[in-house]
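The file work06.json comes next; it holds JSON, N, CA and C atoms.
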```
[["chain", "number", "residue", "atom", "x", "y", "z"],
["A", 1, "MET", "N", -16.47, 1.15, 3.68],
["A", 1, "MET", "CA", -16.48, 1.49, 2.27],
["A", 1, "MET", "C", -16.80, 2.97, 2.07],
["A", 2, "VAL", "N", -17.64, 3.52, 2.94],
["A", 2, "VAL", "CA", -17.99, 4.93, 2.82],
["A", 2, "VAL", "C", -16.77, 5.80, 3.10],
["A", 3, "ILE", "N", -16.00, 5.46, 4.12],
["A", 3, "ILE", "CA", -14.80, 6.22, 4.43],
["A", 3, "ILE", "C", -13.78, 6.09, 3.30],
["A", 4, "LEU", "N", -13.63, 4.90, 2.75],
["A", 4, "LEU", "CA", -12.72, 4.69, 1.63],
["A", 4, "LEU", "C", -13.13, 5.55, 0.44],
["A", 5, "ALA", "N", -14.40, 5.56, 0.13],
["A", 5, "ALA", "CA", -14.89, 6.37, -0.99],
["A", 5, "ALA", "C", -14.71, 7.86, -0.72],
["A", 6, "ALA", "N", -14.98, 8.29, 0.50],
["A", 6, "ALA", "CA", -14.82, 9.71, 0.84],
["A", 6, "ALA", "C", -13.36, 10.14, 0.71],
["A", 7, "ASN", "N", -12.44, 9.31, 1.19],
["A", 7, "ASN", "CA", -11.02, 9.64, 1.07],
["A", 7, "ASN", "C", -10.56, 9.68, -0.38],
["A", 8, "LEU", "N", -11.10, 8.81, -1.19],
["A", 8, "LEU", "CA", -10.74, 8.82, -2.60],
["A", 8, "LEU", "C", -11.27, 10.07, -3.29],
["A", 9, "VAL", "N", -12.49, 10.46, -2.98],
["A", 9, "VAL", "CA", -13.09, 11.66, -3.58],
["A", 9, "VAL", "C", -12.33, 12.90, -3.15],
["A", 10, "ILE", "N", -11.96, 12.99, -1.88],
["A", 10, "ILE", "CA", -11.23, 14.16, -1.38],
["A", 10, "ILE", "C", -9.92, 14.34, -2.14],
["A", 11, "GLY", "N", -9.28, 13.25, -2.52],
["A", 11, "GLY", "CA", -8.02, 13.33, -3.26],
["A", 11, "GLY", "C", -8.17, 13.98, -4.62],
["A", 12, "PHE", "N", -9.35, 13.93, -5.21],
["A", 12, "PHE", "CA", -9.57, 14.50, -6.53],
["A", 12, "PHE", "C", -10.18, 15.90, -6.49],
["A", 13, "MET", "N", -10.53, 16.39, -5.31],
["A", 13, "MET", "CA", -11.15, 17.71, -5.21],
["A", 13, "MET", "C", -10.07, 18.80, -5.26],
["A", 14, "PRO", "N", -10.28, 19.83, -6.06],
["A", 14, "PRO", "CA", -9.28, 20.90, -6.15],
["A", 14, "PRO", "C", -9.23, 21.70, -4.85],
["A", 15, "GLY", "N", -8.03, 22.16, -4.53],
["A", 15, "GLY", "CA", -7.86, 23.00, -3.36],
["A", 15, "GLY", "C", -7.46, 22.26, -2.10],
["A", 16, "PHE", "N", -7.56, 20.93, -2.07],
["A", 16, "PHE", "CA", -7.20, 20.19, -0.87],
["A", 16, "PHE", "C", -5.72, 19.82, -0.83],
["A", 17, "ASN", "N", -5.08, 19.78, -2.00],
["A", 17, "ASN", "CA", -3.65, 19.43, -2.10],
["A", 17, "ASN", "C", -3.33, 18.10, -1.43],
["A", 18, "ILE", "N", -4.16, 17.13, -1.67],
["A", 18, "ILE", "CA", -3.96, 15.78, -1.15],
["A", 18, "ILE", "C", -3.72, 14.87, -2.35],
["A", 19, "ALA", "N", -2.69, 14.06, -2.29],
["A", 19, "ALA", "CA", -2.33, 13.19, -3.41],
["A", 19, "ALA", "C", -3.30, 12.01, -3.50],
["A", 20, "TRP", "N", -4.01, 11.93, -4.61],
["A", 20, "TRP", "CA", -4.93, 10.81, -4.81],
["A", 20, "TRP", "C", -4.16, 9.50, -4.94],
["A", 21, "GLN", "N", -2.91, 9.58, -5.43],
["A", 21, "GLN", "CA", -2.08, 8.39, -5.57],
["A", 21, "GLN", "C", -1.82, 7.73, -4.21],
["A", 22, "ALA", "N", -1.65, 8.55, -3.19],
["A", 22, "ALA", "CA", -1.42, 8.01, -1.85],
["A", 22, "ALA", "C", -2.64, 7.26, -1.33],
["A", 23, "HIS", "N", -3.82, 7.78, -1.62],
["A", 23, "HIS", "CA", -5.03, 7.10, -1.16],
["A", 23, "HIS", "C", -5.23, 5.78, -1.89],
["A", 24, "ILE", "N", -4.96, 5.76, -3.17],
["A", 24, "ILE", "CA", -5.10, 4.51, -3.92],
["A", 24, "ILE", "C", -4.03, 3.51, -3.48],
["A", 25, "GLY", "N", -2.80, 3.98, -3.28],
["A", 25, "GLY", "CA", -1.73, 3.11, -2.80],
["A", 25, "GLY", "C", -2.05, 2.52, -1.44],
["A", 26, "GLY", "N", -2.58, 3.35, -0.55],
["A", 26, "GLY", "CA", -2.95, 2.86, 0.77],
["A", 26, "GLY", "C", -4.06, 1.84, 0.71],
["A", 27, "ALA", "N", -5.01, 2.05, -0.18],
["A", 27, "ALA", "CA", -6.11, 1.09, -0.34],
["A", 27, "ALA", "C", -5.59, -0.24, -0.89],
["A", 28, "VAL", "N", -4.68, -0.18, -1.84],
["A", 28, "VAL", "CA", -4.13, -1.41, -2.43],
["A", 28, "VAL", "C", -3.32, -2.18, -1.39],
["A", 29, "VAL", "N", -2.45, -1.48, -0.66],
["A", 29, "VAL", "CA", -1.63, -2.15, 0.36],
["A", 29, "VAL", "C", -2.52, -2.68, 1.48],
["A", 30, "GLY", "N", -3.52, -1.93, 1.88],
["A", 30, "GLY", "CA", -4.45, -2.41, 2.90],
["A", 30, "GLY", "C", -5.19, -3.65, 2.45],
["A", 31, "ALA", "N", -5.58, -3.68, 1.19],
["A", 31, "ALA", "CA", -6.26, -4.87, 0.66],
["A", 31, "ALA", "C", -5.32, -6.07, 0.63],
["A", 32, "LEU", "N", -4.05, -5.85, 0.28],
["A", 32, "LEU", "CA", -3.07, -6.94, 0.28],
["A", 32, "LEU", "C", -2.86, -7.49, 1.70],
["A", 33, "VAL", "N", -2.73, -6.61, 2.67],
["A", 33, "VAL", "CA", -2.56, -7.05, 4.05],
["A", 33, "VAL", "C", -3.79, -7.83, 4.51],
["A", 34, "ALA", "N", -4.97, -7.34, 4.20],
["A", 34, "ALA", "CA", -6.20, -8.03, 4.58],
["A", 34, "ALA", "C", -6.27, -9.41, 3.93],
["A", 35, "LEU", "N", -5.88, -9.50, 2.66],
["A", 35, "LEU", "CA", -5.89, -10.79, 1.96],
["A", 35, "LEU", "C", -4.91, -11.77, 2.60],
["A", 36, "ILE", "N", -3.71, -11.28, 2.92],
["A", 36, "ILE", "CA", -2.72, -12.15, 3.56],
["A", 36, "ILE", "C", -3.24, -12.63, 4.91],
["A", 37, "LEU", "N", -3.79, -11.72, 5.70],
["A", 37, "LEU", "CA", -4.30, -12.12, 7.01],
["A", 37, "LEU", "C", -5.47, -13.08, 6.90],
["A", 38, "LEU", "N", -6.31, -12.88, 5.91],
["A", 38, "LEU", "CA", -7.48, -13.75, 5.72],
["A", 38, "LEU", "C", -7.06, -15.16, 5.29],
["A", 39, "LYS", "N", -6.12, -15.25, 4.36],
["A", 39, "LYS", "CA", -5.73, -16.56, 3.82],
["A", 39, "LYS", "C", -4.80, -17.34, 4.74],
["A", 40, "THR", "N", -4.17, -16.68, 5.71],
["A", 40, "THR", "CA", -3.20, -17.36, 6.57],
["A", 40, "THR", "C", -3.59, -17.26, 8.04],
["A", 41, "ARG", "N", -4.87, -17.26, 8.34],
["A", 41, "ARG", "CA", -5.29, -17.05, 9.73],
["A", 41, "ARG", "C", -5.21, -18.31, 10.58],
["A", 42, "ASP", "N", -5.06, -19.47, 9.98],
["A", 42, "ASP", "CA", -4.90, -20.71, 10.76],
["A", 42, "ASP", "C", -3.58, -20.68, 11.52],
["A", 43, "GLN", "N", -3.57, -21.29, 12.69],
["A", 43, "GLN", "CA", -2.38, -21.32, 13.53],
["A", 43, "GLN", "C", -1.21, -21.99, 12.79],
["A", 44, "LYS", "N", -1.50, -23.01, 12.01],
["A", 44, "LYS", "CA", -0.43, -23.73, 11.32],
["A", 44, "LYS", "C", 0.14, -22.94, 10.14],
["A", 45, "ARG", "N", -0.52, -21.86, 9.73],
["A", 45, "ARG", "CA", -0.03, -21.04, 8.62],
["A", 45, "ARG", "C", 0.57, -19.73, 9.11],
["A", 46, "GLN", "N", 0.83, -19.63, 10.41],
["A", 46, "GLN", "CA", 1.36, -18.41, 10.98],
["A", 46, "GLN", "C", 2.73, -18.06, 10.41],
["A", 47, "ARG", "N", 3.55, -19.05, 10.17],
["A", 47, "ARG", "CA", 4.88, -18.79, 9.60],
["A", 47, "ARG", "C", 4.76, -18.20, 8.20],
["A", 48, "MET", "N", 3.82, -18.70, 7.41],
["A", 48, "MET", "CA", 3.58, -18.15, 6.07],
["A", 48, "MET", "C", 3.07, -16.71, 6.16],
["A", 49, "GLN", "N", 2.24, -16.44, 7.14],
["A", 49, "GLN", "CA", 1.71, -15.09, 7.34],
["A", 49, "GLN", "C", 2.85, -14.11, 7.62],
["A", 50, "VAL", "N", 3.72, -14.47, 8.54],
["A", 50, "VAL", "CA", 4.85, -13.60, 8.88],
["A", 50, "VAL", "C", 5.75, -13.42, 7.66],
["A", 51, "LEU", "N", 5.99, -14.47, 6.92],
["A", 51, "LEU", "CA", 6.84, -14.38, 5.73],
["A", 51, "LEU", "C", 6.23, -13.44, 4.68],
["A", 52, "LEU", "N", 4.95, -13.62, 4.38],
["A", 52, "LEU", "CA", 4.31, -12.78, 3.36],
["A", 52, "LEU", "C", 4.23, -11.32, 3.79],
["A", 53, "LEU", "N", 3.91, -11.06, 5.04],
["A", 53, "LEU", "CA", 3.87, -9.68, 5.52],
["A", 53, "LEU", "C", 5.26, -9.05, 5.52],
["A", 54, "SER", "N", 6.27, -9.84, 5.85],
["A", 54, "SER", "CA", 7.65, -9.34, 5.81],
["A", 54, "SER", "C", 8.07, -9.01, 4.38],
["A", 55, "LEU", "N", 7.70, -9.87, 3.44],
["A", 55, "LEU", "CA", 8.03, -9.60, 2.04],
["A", 55, "LEU", "C", 7.32, -8.35, 1.54],
["A", 56, "LEU", "N", 6.11, -8.14, 1.97],
["A", 56, "LEU", "CA", 5.38, -6.93, 1.59],
["A", 56, "LEU", "C", 6.08, -5.69, 2.15],
["A", 57, "VAL", "N", 6.51, -5.75, 3.39],
["A", 57, "VAL", "CA", 7.23, -4.61, 3.99],
["A", 57, "VAL", "C", 8.53, -4.36, 3.24],
["A", 58, "ILE", "N", 9.27, -5.40, 2.91],
["A", 58, "ILE", "CA", 10.52, -5.25, 2.15],
["A", 58, "ILE", "C", 10.25, -4.63, 0.79],
["A", 59, "ALA", "N", 9.19, -5.08, 0.13],
["A", 59, "ALA", "CA", 8.85, -4.51, -1.18],
["A", 59, "ALA", "C", 8.48, -3.03, -1.07],
["A", 60, "LEU", "N", 7.74, -2.67, -0.04],
["A", 60, "LEU", "CA", 7.37, -1.26, 0.15],
["A", 60, "LEU", "C", 8.59, -0.39, 0.45],
["A", 61, "VAL", "N", 9.51, -0.92, 1.26],
["A", 61, "VAL", "CA", 10.74, -0.17, 1.54],
["A", 61, "VAL", "C", 11.57, -0.01, 0.27],
["A", 62, "ALA", "N", 11.66, -1.07, -0.53],
["A", 62, "ALA", "CA", 12.42, -1.00, -1.78],
["A", 62, "ALA", "C", 11.82, 0.02, -2.73],
["A", 63, "VAL", "N", 10.51, 0.04, -2.84],
["A", 63, "VAL", "CA", 9.86, 1.04, -3.70],
["A", 63, "VAL", "C", 10.15, 2.44, -3.19],
["A", 64, "THR", "N", 10.08, 2.62, -1.88],
["A", 64, "THR", "CA", 10.33, 3.93, -1.29],
["A", 64, "THR", "C", 11.76, 4.39, -1.51],
["A", 65, "VAL", "N", 12.71, 3.47, -1.39],
["A", 65, "VAL", "CA", 14.13, 3.83, -1.48],
["A", 65, "VAL", "C", 14.58, 3.99, -2.93],
["A", 66, "PHE", "N", 14.11, 3.14, -3.83],
["A", 66, "PHE", "CA", 14.64, 3.14, -5.19],
["A", 66, "PHE", "C", 13.72, 3.77, -6.23],
["A", 67, "VAL", "N", 12.46, 3.45, -6.21],
["A", 67, "VAL", "CA", 11.56, 3.90, -7.27],
["A", 67, "VAL", "C", 11.14, 5.35, -7.09],
["A", 68, "VAL", "N", 10.74, 5.71, -5.89],
["A", 68, "VAL", "CA", 10.25, 7.07, -5.66],
["A", 68, "VAL", "C", 11.32, 8.11, -5.96],
["A", 69, "PRO", "N", 12.57, 7.97, -5.47],
["A", 69, "PRO", "CA", 13.57, 8.97, -5.84],
["A", 69, "PRO", "C", 13.86, 9.01, -7.33],
["A", 70, "ALA", "N", 13.82, 7.88, -8.01],
["A", 70, "ALA", "CA", 14.05, 7.86, -9.45],
["A", 70, "ALA", "C", 12.94, 8.62, -10.18],
["A", 71, "LEU", "N", 11.71, 8.46, -9.77],
["A", 71, "LEU", "CA", 10.61, 9.20, -10.38],
["A", 71, "LEU", "C", 10.73, 10.69, -10.08],
["A", 72, "PHE", "N", 11.14, 11.01, -8.87],
["A", 72, "PHE", "CA", 11.29, 12.41, -8.48],
["A", 72, "PHE", "C", 12.40, 13.07, -9.29],
["A", 73, "MET", "N", 13.51, 12.39, -9.46],
["A", 73, "MET", "CA", 14.63, 12.96, -10.21],
["A", 73, "MET", "C", 14.31, 13.05, -11.70],
["A", 74, "ALA", "N", 13.49, 12.16, -12.22],
["A", 74, "ALA", "CA", 13.13, 12.19, -13.63],
["A", 74, "ALA", "C", 12.32, 13.44, -13.97],
["A", 75, "ARG", "N", 11.63, 13.99, -13.00],
["A", 75, "ARG", "CA", 10.85, 15.21, -13.23],
["A", 75, "ARG", "C", 11.74, 16.41, -13.51],
["A", 76, "PHE", "N", 12.96, 16.40, -12.99],
["A", 76, "PHE", "CA", 13.83, 17.56, -13.08],
["A", 76, "PHE", "C", 14.93, 17.42, -14.12],
["A", 77, "VAL", "N", 14.91, 16.35, -14.88],
["A", 77, "VAL", "CA", 15.94, 16.14, -15.91],
["A", 77, "VAL", "C", 15.45, 16.62, -17.24]]
```
Structure rendered as structure tokens:
Amino acid sequence: MVILAANLVIGFMPGFNIAWQAHIGGAVVGALVALILLKTRDQKRQRMQVLLLSLLVIALVAVTVFVVPALFMARFV
């Protein structure tokens, strides 16, 4: 928790040029992965674990491919 808090604070400090959005996004995705692993740790739920983690990866790729470029292009229009 200390490292998480330090990384979040660094993102808001002037002069570091570190995106605070990336730190929050990483924390959210990390929490989702931890939740999936925690709720599906039984051997009989391994297939569900792989499915949910795969869906998360697909969603992250989709956001990277479609949403991020659209937001970037909207800045210049």
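Nearest to Ile24 (chain A) of all the residues A:Leu52, A:Ala5, A:Leu38, A:Val61 is A:Ala5, based on only C-alpha atoms.
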(Q) My list of candidates is A:Val63, A:Leu71, A:Leu56, A:Met1. Which is closest to Val29 (chain A) when distances are computed with only C-alpha atoms? (A)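 Residue with the minimum atom-to-atom distance to Val29 (chain A): A:Leu56.
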Q. How far is it from CA of Thr40 (chain A) to CA of Val57 (chain A), in Å with one decimal?
A.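 For CA of Thr40 (chain A) relative to CA of Val57 (chain A), the distance reads 16.7 Å.
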